[in-house]
Amino acid sequence: MRTRAWHHYHPEPRQRRKWTGTDIIEGTLIRQDHTTPAGRTQVWWLWWAGPPGSFDLPMLAEAYQHRYTIEHVFRFAKQDLGWTRHTPLDPDQAERWTWLVALALAQLHLARPLAADRRLPWEQPCHPDRLSPRRVRRVFRHTVAALPTPARAPKPARPGPGRPKGSTNKNPRTRQPVIKKGRPANTGHPKGRNPNATTKPKT
């Protein structure tokens, strides 16, 4: 593996980009040549923009390998833990929901030693430290059922009456503006919206 870096580079301006009135971000261009066991050479081009005093080339070259692990965690949180299924009404509610999803993910990591001996017949034995969160989640309910709990057994109850018939909702949901899809105004495309353009009067 060979890693090289070039400092004080910036993205190349293109026709669809407008740099007027914006600050061009300078960064470091990193090239990493990696030879696979099959003898092929893979070239990775990386971009780093951060404080000049914290640049560490070996650390940045190794950190990119953990990118796939981070992406799998985000996909698991969205697909299995329902991170994006909830529709928050305000930023505080979205932050609380994110912390709840992170707490659920932490519980799955802590339950890995208890779920190590619960596997399907066609699965190979795996060390608890290498169990995936999806495999732990599959047997999490059986693991929790075997744990002691100070809570009493739930009692059957009927649903509440809800809001009286004919009354209005005193806490209506805040209506957000509708975002229409289209070309943004800062792309430079002729079909994009230009806020300075004058509208043609209707005849």
# chains A, B, ... in the order shown; residues from 1 in each chain; ligands from 1
$ closest_atom_pairs --of "segment 63-91 of chain A" --to "segment 137-143 of chain A" --cutoff "12 Å" --atoms "only C-alpha atoms" --output "JSON lines"
{"residue": "A:Phe76", "atom": "CA", "partner": "A:Arg137", "partner_atom": "CA", "distance": 10.7}
{"residue": "A:Ala77", "atom": "CA", "partner": "A:Arg137", "partner_atom": "CA", "distance": 11.7}
{"residue": "A:Asp80", "atom": "CA", "partner": "A:Arg137", "partner_atom": "CA", "distance": 8.9}
{"residue": "A:Leu81", "atom": "CA", "partner": "A:Arg137", "partner_atom": "CA", "distance": 9.6}
$ residues_around --residues "Leu108 of chain A" --least-positions-apart "2" --cutoff "8 Å" --atoms "only C-alpha atoms" --output "MDAnalysis selection string"
chainID A and resid 104:106 110:112 133 136:137 140
$ write_last_selection --atoms "N, CA and C atoms" --output "CSV table (one decimal), in the first residue's frame"
chain,number,residue,atom,x,y,z
A,104,ALA,N,-31.2,1.7,21.5
A,104,ALA,CA,-31.5,0.3,21.1
A,104,ALA,C,-30.3,-0.4,20.5
A,105,LEU,N,-29.5,0.3,19.7
A,105,LEU,CA,-28.4,-0.3,19.1
A,105,LEU,C,-27.3,-0.7,20.2
A,106,ALA,N,-27.2,0.2,21.2
A,106,ALA,CA,-26.3,-0.2,22.3
A,106,ALA,C,-26.8,-1.4,23.0
A,110,LEU,N,-24.7,-4.9,23.8
A,110,LEU,CA,-24.5,-5.5,25.1
A,110,LEU,C,-25.1,-6.9,25.2
A,111,ALA,N,-26.1,-7.2,24.4
A,111,ALA,CA,-26.7,-8.6,24.5
A,111,ALA,C,-26.0,-9.6,23.6
A,112,ARG,N,-24.9,-9.3,23.0
A,112,ARG,CA,-24.2,-10.2,22.1
A,112,ARG,C,-23.8,-11.5,22.9
A,133,PRO,N,-25.5,-6.9,14.6
A,133,PRO,CA,-26.7,-6.5,15.3
A,133,PRO,C,-27.9,-7.1,14.8
A,136,VAL,N,-28.3,-10.5,16.4
A,136,VAL,CA,-28.7,-10.4,17.8
A,136,VAL,C,-30.1,-10.0,18.0
A,137,ARG,N,-30.6,-9.1,17.1
A,137,ARG,CA,-32.0,-8.6,17.1
A,137,ARG,C,-33.0,-9.8,16.9
A,140,PHE,N,-33.4,-11.4,20.2
A,140,PHE,CA,-33.4,-10.5,21.4
A,140,PHE,C,-34.6,-10.7,22.3
$ atom_distance --atom1 "atom CA of Ala61 of chain A" --atom2 "atom CA of Thr35 of chain A"
14.3 Å
$ closest_atom_pairs --of "segment 91-156 of chain A" --to "segment 83-87 of chain A" --cutoff "9 Å" --atoms "only C-alpha atoms" --output "CSV"
residue,atom,partner,partner_atom,distance
A:Ala94,CA,A:Thr87,CA,8.0
A:Trp97,CA,A:Trp83,CA,7.6
A:Thr98,CA,A:Trp83,CA,6.8
A:Val101,CA,A:Trp83,CA,6.4
$ write_last_selection --atoms "all heavy atoms" --output "CSV table (one decimal), in the first residue's frame"
chain,number,residue,atom,x,y,z
A,94,ALA,N,-37.0,15.0,17.0
A,94,ALA,CA,-36.2,14.2,16.1
A,94,ALA,C,-34.9,13.8,16.9
A,94,ALA,O,-34.4,12.7,16.7
A,94,ALA,CB,-35.8,15.0,14.9
A,97,TRP,N,-35.7,11.0,19.3
A,97,TRP,CA,-35.9,9.7,18.6
A,97,TRP,C,-34.6,9.1,18.2
A,97,TRP,O,-34.4,7.9,18.2
A,97,TRP,CB,-36.8,9.9,17.4
A,97,TRP,CG,-37.1,8.7,16.6
A,97,TRP,CD1,-36.6,8.4,15.3
A,97,TRP,CD2,-37.8,7.5,17.0
A,97,TRP,NE1,-37.0,7.2,14.9
A,97,TRP,CE2,-37.8,6.6,15.9
A,97,TRP,CE3,-38.6,7.2,18.1
A,97,TRP,CZ2,-38.4,5.4,15.9
A,97,TRP,CZ3,-39.2,6.0,18.2
A,97,TRP,CH2,-39.1,5.1,17.1
A,98,THR,N,-33.6,10.0,17.7
A,98,THR,CA,-32.3,9.5,17.4
A,98,THR,C,-31.6,8.9,18.5
A,98,THR,O,-30.9,7.8,18.4
A,98,THR,CB,-31.5,10.6,16.8
A,98,THR,OG1,-32.2,11.2,15.6
A,98,THR,CG2,-30.1,10.2,16.3
A,101,VAL,N,-33.0,5.4,19.2
A,101,VAL,CA,-32.5,4.4,18.2
A,101,VAL,C,-31.0,4.0,18.6
A,101,VAL,O,-30.6,2.9,18.6
A,101,VAL,CB,-32.5,5.0,16.8
A,101,VAL,CG1,-31.8,4.0,15.8
A,101,VAL,CG2,-34.0,5.1,16.4
$ atom_distance --atom1 "atom CA of Ala146 of chain A" --atom2 "atom CA of Arg134 of chain A"
19.6 Å
$ select_by_dssp --residues "chain A" --states "alpha helix (DSSP H)" --output "JSON, numbers by chain"
{"A": [57, 58, 59, 60, 61, 62, 63, 67, 68, 69, 70, 71, 72, 73, 74, 75, 76, 77, 78, 79, 91, 92, 93, 94, 95, 96, 97, 98, 99, 100, 101, 102, 103, 104, 105, 106, 107, 108, 109, 110, 133, 134, 135, 136, 137, 138, 140, 141, 142, 143, 144, 145]}
$ residues_around --residues "segment 56-58 of chain A" --least-positions-apart "5" --cutoff "12 Å" --atoms "only C-alpha atoms" --output "NGL selection string"
:A and (1-7 or 28-32 or 46-51 or 63-65)
$ atom_distance --atom1 "atom CA of Leu131 of chain A" --atom2 "atom CA of Thr149 of chain A"
25.3 Å
$ closest_atom_pairs --of "segment 85-133 of chain A" --to "segment 153-176 of chain A" --cutoff "12 Å" --atoms "only C-alpha atoms" --output "CSV"
residue,atom,partner,partner_atom,distance
A:Thr87,CA,A:Arg173,CA,11.7
A:Pro88,CA,A:Arg173,CA,10.6
A:Leu89,CA,A:Thr174,CA,7.5
A:Asp90,CA,A:Thr174,CA,9.1
$ select_by_dssp --residues "segment 31-193 of chain A" --states "strand (DSSP E)" --output "MDAnalysis selection string"
chainID A and resid 31:35 41:48
$ write_last_selection --atoms "N, CA, C and O atoms" --output "PDB file, in the first residue's frame"
ATOM      1  N   ARG A  31      -4.116  10.140  -2.436  1.00  0.00           N
ATOM      2  CA  ARG A  31      -4.177   8.991  -3.344  1.00  0.00           C
ATOM      3  C   ARG A  31      -3.579   7.792  -2.639  1.00  0.00           C
ATOM      4  O   ARG A  31      -2.472   7.858  -2.104  1.00  0.00           O
ATOM      5  N   GLN A  32      -4.319   6.691  -2.670  1.00  0.00           N
ATOM      6  CA  GLN A  32      -3.876   5.468  -2.023  1.00  0.00           C
ATOM      7  C   GLN A  32      -3.906   4.337  -3.039  1.00  0.00           C
ATOM      8  O   GLN A  32      -4.960   4.025  -3.617  1.00  0.00           O
ATOM      9  N   ASP A  33      -2.769   3.727  -3.280  1.00  0.00           N
ATOM     10  CA  ASP A  33      -2.629   2.576  -4.169  1.00  0.00           C
ATOM     11  C   ASP A  33      -2.568   1.308  -3.318  1.00  0.00           C
ATOM     12  O   ASP A  33      -1.638   1.145  -2.514  1.00  0.00           O
ATOM     13  N   HIS A  34      -3.565   0.463  -3.507  1.00  0.00           N
ATOM     14  CA  HIS A  34      -3.670  -0.752  -2.708  1.00  0.00           C
ATOM     15  C   HIS A  34      -3.635  -1.956  -3.629  1.00  0.00           C
ATOM     16  O   HIS A  34      -4.391  -2.028  -4.605  1.00  0.00           O
ATOM     17  N   THR A  35      -2.762  -2.908  -3.330  1.00  0.00           N
ATOM     18  CA  THR A  35      -2.624  -4.132  -4.123  1.00  0.00           C
ATOM     19  C   THR A  35      -3.416  -5.253  -3.463  1.00  0.00           C
ATOM     20  O   THR A  35      -3.188  -5.574  -2.293  1.00  0.00           O
ATOM     21  N   THR A  41      -4.328  -3.742  -8.712  1.00  0.00           N
ATOM     22  CA  THR A  41      -4.059  -2.487  -7.999  1.00  0.00           C
ATOM     23  C   THR A  41      -5.319  -1.632  -7.980  1.00  0.00           C
ATOM     24  O   THR A  41      -5.880  -1.323  -9.026  1.00  0.00           O
ATOM     25  N   GLN A  42      -5.773  -1.285  -6.796  1.00  0.00           N
ATOM     26  CA  GLN A  42      -6.919  -0.399  -6.614  1.00  0.00           C
ATOM     27  C   GLN A  42      -6.431   0.986  -6.217  1.00  0.00           C
ATOM     28  O   GLN A  42      -5.578   1.122  -5.341  1.00  0.00           O
ATOM     29  N   VAL A  43      -6.984   1.991  -6.868  1.00  0.00           N
ATOM     30  CA  VAL A  43      -6.603   3.383  -6.601  1.00  0.00           C
ATOM     31  C   VAL A  43      -7.780   4.078  -5.936  1.00  0.00           C
ATOM     32  O   VAL A  43      -8.887   4.104  -6.477  1.00  0.00           O
ATOM     33  N   TRP A  44      -7.554   4.641  -4.757  1.00  0.00           N
ATOM     34  CA  TRP A  44      -8.567   5.402  -4.028  1.00  0.00           C
ATOM     35  C   TRP A  44      -8.141   6.856  -3.977  1.00  0.00           C
ATOM     36  O   TRP A  44      -7.027   7.188  -3.564  1.00  0.00           O
ATOM     37  N   TRP A  45      -9.043   7.719  -4.433  1.00  0.00           N
ATOM     38  CA  TRP A  45      -8.822   9.154  -4.333  1.00  0.00           C
ATOM     39  C   TRP A  45      -9.688   9.685  -3.192  1.00  0.00           C
ATOM     40  O   TRP A  45     -10.908   9.554  -3.216  1.00  0.00           O
ATOM     41  N   LEU A  46      -9.060  10.264  -2.192  1.00  0.00           N
ATOM     42  CA  LEU A  46      -9.753  10.761  -1.008  1.00  0.00           C
ATOM     43  C   LEU A  46      -9.563  12.262  -0.896  1.00  0.00           C
ATOM     44  O   LEU A  46      -8.597  12.838  -1.412  1.00  0.00           O
ATOM     45  N   TRP A  47     -10.511  12.897  -0.205  1.00  0.00           N
ATOM     46  CA  TRP A  47     -10.467  14.342   0.005  1.00  0.00           C
ATOM     47  C   TRP A  47     -10.607  14.615   1.490  1.00  0.00           C
ATOM     48  O   TRP A  47     -11.476  14.059   2.157  1.00  0.00           O
ATOM     49  N   TRP A  48      -9.724  15.475   2.010  1.00  0.00           N
ATOM     50  CA  TRP A  48      -9.744  15.824   3.430  1.00  0.00           C
ATOM     51  C   TRP A  48      -9.666  17.337   3.561  1.00  0.00           C
ATOM     52  O   TRP A  48      -8.802  17.977   2.959  1.00  0.00           O
TER      53      TRP A  48
END
$ closest_residue --among "A:Pro148, A:His10, A:Ala115, A:Pro177" --to "His127 of chain A" --atoms "only C-alpha atoms"
A:Ala115
